$ cat query_11.pdb   # PDB, C-alpha atoms
ATOM      1  CA  MET A   1     379.151 153.852  30.272
ATOM      2  CA  ALA A   2     381.543 150.889  30.181
ATOM      3  CA  LEU A   3     379.553 149.275  27.366
ATOM      4  CA  SER A   4     379.803 152.410  25.216
ATOM      5  CA  LYS A   5     383.579 152.459  25.777
ATOM      6  CA  LEU A   6     383.730 148.817  24.742
ATOM      7  CA  PHE A   7     381.822 149.570  21.516
ATOM      8  CA  SER A   8     384.050 152.580  20.881
ATOM      9  CA  LEU A   9     387.161 150.412  21.225
ATOM     10  CA  ALA A  10     385.629 147.777  18.927
ATOM     11  CA  ARG A  11     385.046 150.443  16.253
ATOM     12  CA  ARG A  12     388.564 151.779  16.712
ATOM     13  CA  TYR A  13     390.186 148.305  16.587
ATOM     14  CA  PRO A  14     387.789 146.189  14.490
ATOM     15  CA  LEU A  15     390.085 143.157  14.334
ATOM     16  CA  VAL A  16     389.944 142.618  18.112
ATOM     17  CA  PRO A  17     386.269 141.493  18.289
ATOM     18  CA  SER A  18     386.989 139.038  15.477
ATOM     19  CA  MET A  19     390.007 137.638  17.282
ATOM     20  CA  LEU A  20     388.038 137.293  20.513
ATOM     21  CA  THR A  21     385.157 135.605  18.665
ATOM     22  CA  TYR A  22     387.432 133.065  16.985
ATOM     23  CA  SER A  23     389.358 132.525  20.247
ATOM     24  CA  VAL A  24     386.094 131.265  21.723
ATOM     25  CA  LEU A  25     384.509 129.539  18.707
ATOM     26  CA  TYR A  26     387.458 127.441  17.524
ATOM     27  CA  PRO A  27     388.255 125.815  20.888
ATOM     28  CA  SER A  28     384.540 125.479  21.707
ATOM     29  CA  ALA A  29     383.940 123.635  18.443
ATOM     30  CA  ASN A  30     386.856 121.356  19.266
ATOM     31  CA  VAL A  31     385.407 120.598  22.714
ATOM     32  CA  VAL A  32     381.996 119.820  21.164
ATOM     33  CA  GLN A  33     383.677 117.513  18.661
ATOM     34  CA  GLN A  34     385.648 115.718  21.368
ATOM     35  CA  VAL A  35     382.671 115.266  23.695
ATOM     36  CA  TYR A  36     379.970 114.311  21.194
ATOM     37  CA  PHE A  37     381.759 112.826  18.188
ATOM     38  CA  ARG A  38     384.937 111.160  19.450
ATOM     39  CA  ASP A  39     384.798 107.620  20.778
ATOM     40  CA  THR A  40     387.842 108.016  23.026
ATOM     41  CA  TYR A  41     386.311 110.872  25.061
ATOM     42  CA  LYS A  42     384.812 108.559  27.687
ATOM     43  CA  GLN A  43     388.199 106.961  28.397
ATOM     44  CA  THR A  44     390.535 109.928  28.052
ATOM     45  CA  GLY A  45     388.395 113.010  28.704
ATOM     46  CA  ILE A  46     388.974 116.306  26.945
ATOM     47  CA  ASP A  47     392.404 116.796  25.369
ATOM     48  CA  TRP A  48     393.114 120.329  26.608
ATOM     49  CA  LYS A  49     396.349 120.572  24.624
ATOM     50  CA  GLU A  50     394.343 120.055  21.444
ATOM     51  CA  VAL A  51     391.801 122.637  22.597
ATOM     52  CA  SER A  52     394.625 125.125  23.227
ATOM     53  CA  ARG A  53     396.009 124.541  19.716
ATOM     54  CA  PHE A  54     392.561 125.361  18.287
ATOM     55  CA  LEU A  55     392.438 128.505  20.442
ATOM     56  CA  ILE A  56     395.865 129.657  19.241
ATOM     57  CA  TYR A  57     395.127 128.899  15.606
ATOM     58  CA  GLY A  58     391.594 130.343  15.640
ATOM     59  CA  GLY A  59     392.308 133.546  17.517
ATOM     60  CA  LEU A  60     395.784 134.445  16.372
ATOM     61  CA  PHE A  61     395.807 133.213  12.779
ATOM     62  CA  HIS A  62     392.393 132.421  11.351
ATOM     63  CA  ALA A  63     390.577 135.507  12.675
ATOM     64  CA  PRO A  64     393.040 137.991  11.121
ATOM     65  CA  LEU A  65     393.040 135.927   7.920
ATOM     66  CA  VAL A  66     389.236 136.065   7.593
ATOM     67  CA  PHE A  67     389.051 139.696   8.694
ATOM     68  CA  ASN A  68     391.553 140.848   6.069
ATOM     69  CA  TRP A  69     390.114 138.608   3.365
ATOM     70  CA  LEU A  70     386.628 140.064   3.833
ATOM     71  CA  ARG A  71     388.012 143.597   3.712
ATOM     72  CA  LEU A  72     389.928 142.827   0.514
ATOM     73  CA  ALA A  73     386.895 141.246  -1.149
ATOM     74  CA  ALA A  74     384.783 144.288  -0.244
ATOM     75  CA  ARG A  75     387.418 146.627  -1.712
ATOM     76  CA  LEU A  76     387.830 144.643  -4.925
ATOM     77  CA  PHE A  77     384.080 144.404  -5.481
ATOM     78  CA  PRO A  78     382.495 147.305  -3.583
ATOM     79  CA  LYS A  79     379.152 147.469  -5.371
ATOM     80  CA  ASP A  80     375.983 145.869  -4.105
ATOM     81  CA  THR A  81     375.155 144.247  -7.438
ATOM     82  CA  ILE A  82     374.598 140.643  -8.452
ATOM     83  CA  LYS A  83     377.823 140.709 -10.530
ATOM     84  CA  HIS A  84     379.913 141.893  -7.601
ATOM     85  CA  LEU A  85     378.210 139.461  -5.237
ATOM     86  CA  ALA A  86     378.887 136.565  -7.623
ATOM     87  CA  ALA A  87     382.507 137.685  -7.994
ATOM     88  CA  LYS A  88     382.986 137.806  -4.209
ATOM     89  CA  VAL A  89     381.453 134.358  -3.739
ATOM     90  CA  PHE A  90     383.498 132.891  -6.606
ATOM     91  CA  MET A  91     386.729 134.422  -5.285
ATOM     92  CA  ASP A  92     385.920 133.237  -1.799
ATOM     93  CA  GLN A  93     385.536 129.625  -2.904
ATOM     94  CA  ALA A  94     388.238 129.569  -5.598
ATOM     95  CA  CYS A  95     390.951 131.616  -3.847
ATOM     96  CA  PHE A  96     390.313 132.059  -0.130
ATOM     97  CA  ALA A  97     388.847 128.665   0.787
ATOM     98  CA  PRO A  98     391.757 126.575  -0.539
ATOM     99  CA  MET A  99     394.251 128.855   1.200
ATOM    100  CA  ALA A 100     392.320 128.933   4.490
ATOM    101  CA  LEU A 101     391.775 125.158   4.570
ATOM    102  CA  SER A 102     395.423 124.561   3.735
ATOM    103  CA  ALA A 103     396.387 126.939   6.545
ATOM    104  CA  PHE A 104     394.071 125.020   8.903
ATOM    105  CA  TYR A 105     395.663 121.638   8.230
ATOM    106  CA  ILE A 106     399.229 122.948   7.989
ATOM    107  CA  GLY A 107     398.898 125.288  10.974
ATOM    108  CA  LEU A 108     397.412 122.776  13.371
ATOM    109  CA  SER A 109     399.755 120.010  12.211
ATOM    110  CA  THR A 110     402.681 122.350  12.842
ATOM    111  CA  LEU A 111     401.350 123.159  16.321
ATOM    112  CA  GLU A 112     401.125 119.396  16.934
ATOM    113  CA  GLY A 113     404.832 119.128  16.125
ATOM    114  CA  LYS A 114     404.499 116.991  12.992
ATOM    115  CA  ASP A 115     407.377 116.874  10.540
ATOM    116  CA  LYS A 116     407.126 118.070   6.915
ATOM    117  CA  GLU A 117     406.143 114.648   5.603
ATOM    118  CA  GLY A 118     403.421 114.246   8.245
ATOM    119  CA  ILE A 119     402.048 117.706   7.523
ATOM    120  CA  TYR A 120     401.999 117.089   3.775
ATOM    121  CA  LYS A 121     400.396 113.648   4.139
ATOM    122  CA  GLU A 122     397.568 114.997   6.288
ATOM    123  CA  TRP A 123     396.973 117.906   3.914
ATOM    124  CA  ARG A 124     397.024 115.615   0.843
ATOM    125  CA  ASP A 125     394.650 113.097   2.456
ATOM    126  CA  LYS A 126     392.128 115.549   3.924
ATOM    127  CA  PHE A 127     392.186 118.801   1.949
ATOM    128  CA  PRO A 128     390.373 117.761  -1.301
ATOM    129  CA  ASN A 129     387.339 116.292   0.470
ATOM    130  CA  THR A 130     387.148 119.151   2.929
ATOM    131  CA  TRP A 131     387.273 121.762   0.177
ATOM    132  CA  ALA A 132     384.648 119.946  -1.944
ATOM    133  CA  THR A 133     382.274 119.890   1.021
ATOM    134  CA  GLY A 134     383.028 123.494   1.920
ATOM    135  CA  VAL A 135     382.157 124.716  -1.565
ATOM    136  CA  CYS A 136     378.653 123.301  -1.151
ATOM    137  CA  ILE A 137     378.129 124.866   2.275
ATOM    138  CA  TRP A 138     380.031 128.141   2.141
ATOM    139  CA  THR A 139     378.821 129.305  -1.266
ATOM    140  CA  PHE A 140     375.408 130.068   0.232
ATOM    141  CA  LEU A 141     376.694 131.367   3.562
ATOM    142  CA  THR A 142     379.137 133.666   1.765
ATOM    143  CA  ALA A 143     376.406 135.052  -0.494
ATOM    144  CA  ILE A 144     374.247 135.831   2.559
ATOM    145  CA  ASN A 145     377.238 137.414   4.290
ATOM    146  CA  PHE A 146     378.124 139.789   1.470
ATOM    147  CA  LYS A 147     374.514 140.626   0.640
ATOM    148  CA  PHE A 148     372.899 141.150   4.049
ATOM    149  CA  VAL A 149     375.507 141.445   6.837
ATOM    150  CA  PRO A 150     377.046 144.865   7.621
ATOM    151  CA  SER A 151     380.783 144.880   6.860
ATOM    152  CA  ARG A 152     381.804 145.428  10.479
ATOM    153  CA  LEU A 153     379.988 142.226  11.500
ATOM    154  CA  ARG A 154     381.037 139.980   8.612
ATOM    155  CA  THR A 155     383.946 138.311  10.377
ATOM    156  CA  VAL A 156     381.784 137.589  13.412
ATOM    157  CA  TYR A 157     378.990 136.221  11.143
ATOM    158  CA  VAL A 158     381.475 133.895   9.433
ATOM    159  CA  GLY A 159     382.699 132.791  12.857
ATOM    160  CA  VAL A 160     379.242 132.050  14.221
ATOM    161  CA  CYS A 161     378.219 130.159  11.077
ATOM    162  CA  GLY A 162     381.610 128.571  11.130
ATOM    163  CA  PHE A 163     381.124 127.079  14.604
ATOM    164  CA  PHE A 164     379.447 124.067  13.013
ATOM    165  CA  TRP A 165     382.027 124.027  10.231
ATOM    166  CA  PHE A 166     384.845 124.186  12.823
ATOM    167  CA  THR A 167     383.273 121.240  14.645
ATOM    168  CA  PHE A 168     383.304 119.325  11.357
ATOM    169  CA  LEU A 169     386.923 120.385  10.711
ATOM    170  CA  ALA A 170     387.902 119.248  14.207
ATOM    171  CA  TYR A 171     386.314 115.876  13.434
ATOM    172  CA  LEU A 172     388.199 115.586  10.135
ATOM    173  CA  LYS A 173     391.450 116.710  11.761
ATOM    174  CA  SER A 174     391.228 114.052  14.475
ATOM    175  CA  SER A 175     389.951 111.276  12.230
ATOM    176  CA  GLU A 176     392.383 108.577  11.214
ATOM    177  CA  THR A 177     389.942 106.969   8.785
ATOM    178  CA  PRO A 178     389.613 108.605   5.374
ATOM    179  CA  TRP A 179     386.423 110.513   4.763
ATOM    180  CA  GLN A 180     385.145 111.130   1.265
ATOM    181  CA  SER A 181     382.966 114.080   0.402
ATOM    182  CA  PRO A 182     379.601 113.157  -1.119
ATOM    183  CA  VAL A 183     380.378 115.751  -3.794
ATOM    184  CA  LEU A 184     383.579 113.981  -4.829
ATOM    185  CA  ARG A 185     381.853 110.595  -4.675
ATOM    186  CA  LEU A 186     379.209 111.889  -7.100
ATOM    187  CA  VAL A 187     381.830 113.391  -9.432
ATOM    188  CA  ASN A 188     383.840 110.157  -9.386
ATOM    189  CA  HIS A 189     380.702 108.112 -10.025
ATOM    190  CA  LEU A 190     379.619 110.307 -12.949
ATOM    191  CA  SER A 191     383.093 110.337 -14.480
ATOM    192  CA  THR A 192     383.396 106.537 -14.349
ATOM    193  CA  LYS A 193     379.923 106.208 -15.933
ATOM    194  CA  SER A 194     380.844 108.551 -18.788
ATOM    195  CA  PHE A 195     384.001 106.591 -19.574
ATOM    196  CA  SER A 196     382.234 103.200 -19.494
TER     197      SER A 196
END
$ encode --input "query_11.pdb" --output "structure tokens"
Amino acid sequence: MALSKLFSLARRYPLVPSMLTYSVLYPSANVVQQVYFRDTYKQTGIDWKEVSRFLIYGGLFHAPLVFNWLRLAARLFPKDTIKHLAAKVFMDQACFAPMALSAFYIGLSTLEGKDKEGIYKEWRDKFPNTWATGVCIWTFLTAINFKFVPSRLRTVYVGVCGFFWFTFLAYLKSSETPWQSPVLRLVNHLSTKSFS
């Protein structure tokens, strides 16, 4: 009885399950990153303020962003054809991904209390490599999402797949050393070879 009421509420307010999913996945990914991939964890333990910033950003901002983006993409390209699938994937990587990654870096930097220059510097240093890597990963995950996942579960699918991506983003966000995407390294290498 209670479970059927819960499903009824989820159908009536479809954004809520997405917000709950991201409110768990974003901070969980941050905890995983801190425990398994951060050298300072053994000395300092888990930074719960950082975890709370990931919870706030993931649940209150990123979940509604993804939810509404997926609805818009489905409305713009409603057919289940290869052309519409390709258009959704292209739009996702060319329009949504840059905006969402920018929102990630700007949003979390703002929650950290950084000034405008600090926010811009972090975005400028980290965004291009993050986006180049994301294009390689999310192109395939997005195609699977739009082709095989029912529309009401798409935001949750992106969140579950995104858990590993969020862990990677948490690593990049906390990293002071520059990281370069293998994709950009290859492009830079090929462009220097062609001009030699």
$ residues_near_point --input "query_11.pdb" --point "(376.4, 136.8, 9.6)" --cutoff "10 Å" --atoms "all atoms listed in the file" --output "PyMOL selection string"
chain A and resi 141-142+144-151+153-162
$ closest_residue --input "query_11.pdb" --among "A:Leu60, A:Leu190, A:Leu108, A:Leu72" --to "Leu169 in chain A" --atoms "only C-alpha atoms"
A:Leu108
$ closest_atom_pairs --input "query_11.pdb" --of "range 47-105 of chain A" --to "range 115-127 of chain A" --cutoff "8 Å" --atoms "all atoms listed in the file" --output "Markdown table"
| residue | atom | partner | partner_atom | distance |
| --- | --- | --- | --- | --- |
| A:Leu101 | CA | A:Phe127 | CA | 6.9 |
| A:Ser102 | CA | A:Trp123 | CA | 6.8 |
| A:Tyr105 | CA | A:Trp123 | CA | 5.9 |
$ resolve_selection --input "query_11.pdb" --expression "the PyMOL selection byres ((chain A and resi 50) around 12)" --output "number ranges by chain"
A: 26-31, 33-34, 45-49, 51-57, 108-109, 111-113, 170, 173-174
$ residues_around --input "query_11.pdb" --residues "Ala63 in chain A" --least-positions-apart "3" --cutoff "9 Å" --atoms "only C-alpha atoms" --output "list of chain:residue names"
A:Leu15, A:Val16, A:Ser18, A:Met19, A:Leu20, A:Thr21, A:Tyr22, A:Ser23, A:Tyr57, A:Gly58, A:Gly59, A:Leu60, A:Val66, A:Phe67, A:Asn68, A:Thr155, A:Gly159
$ atom_distance --input "query_11.pdb" --atom1 "CA of Asn188 in chain A" --atom2 "CA of Asn129 in chain A"
12.1 Å
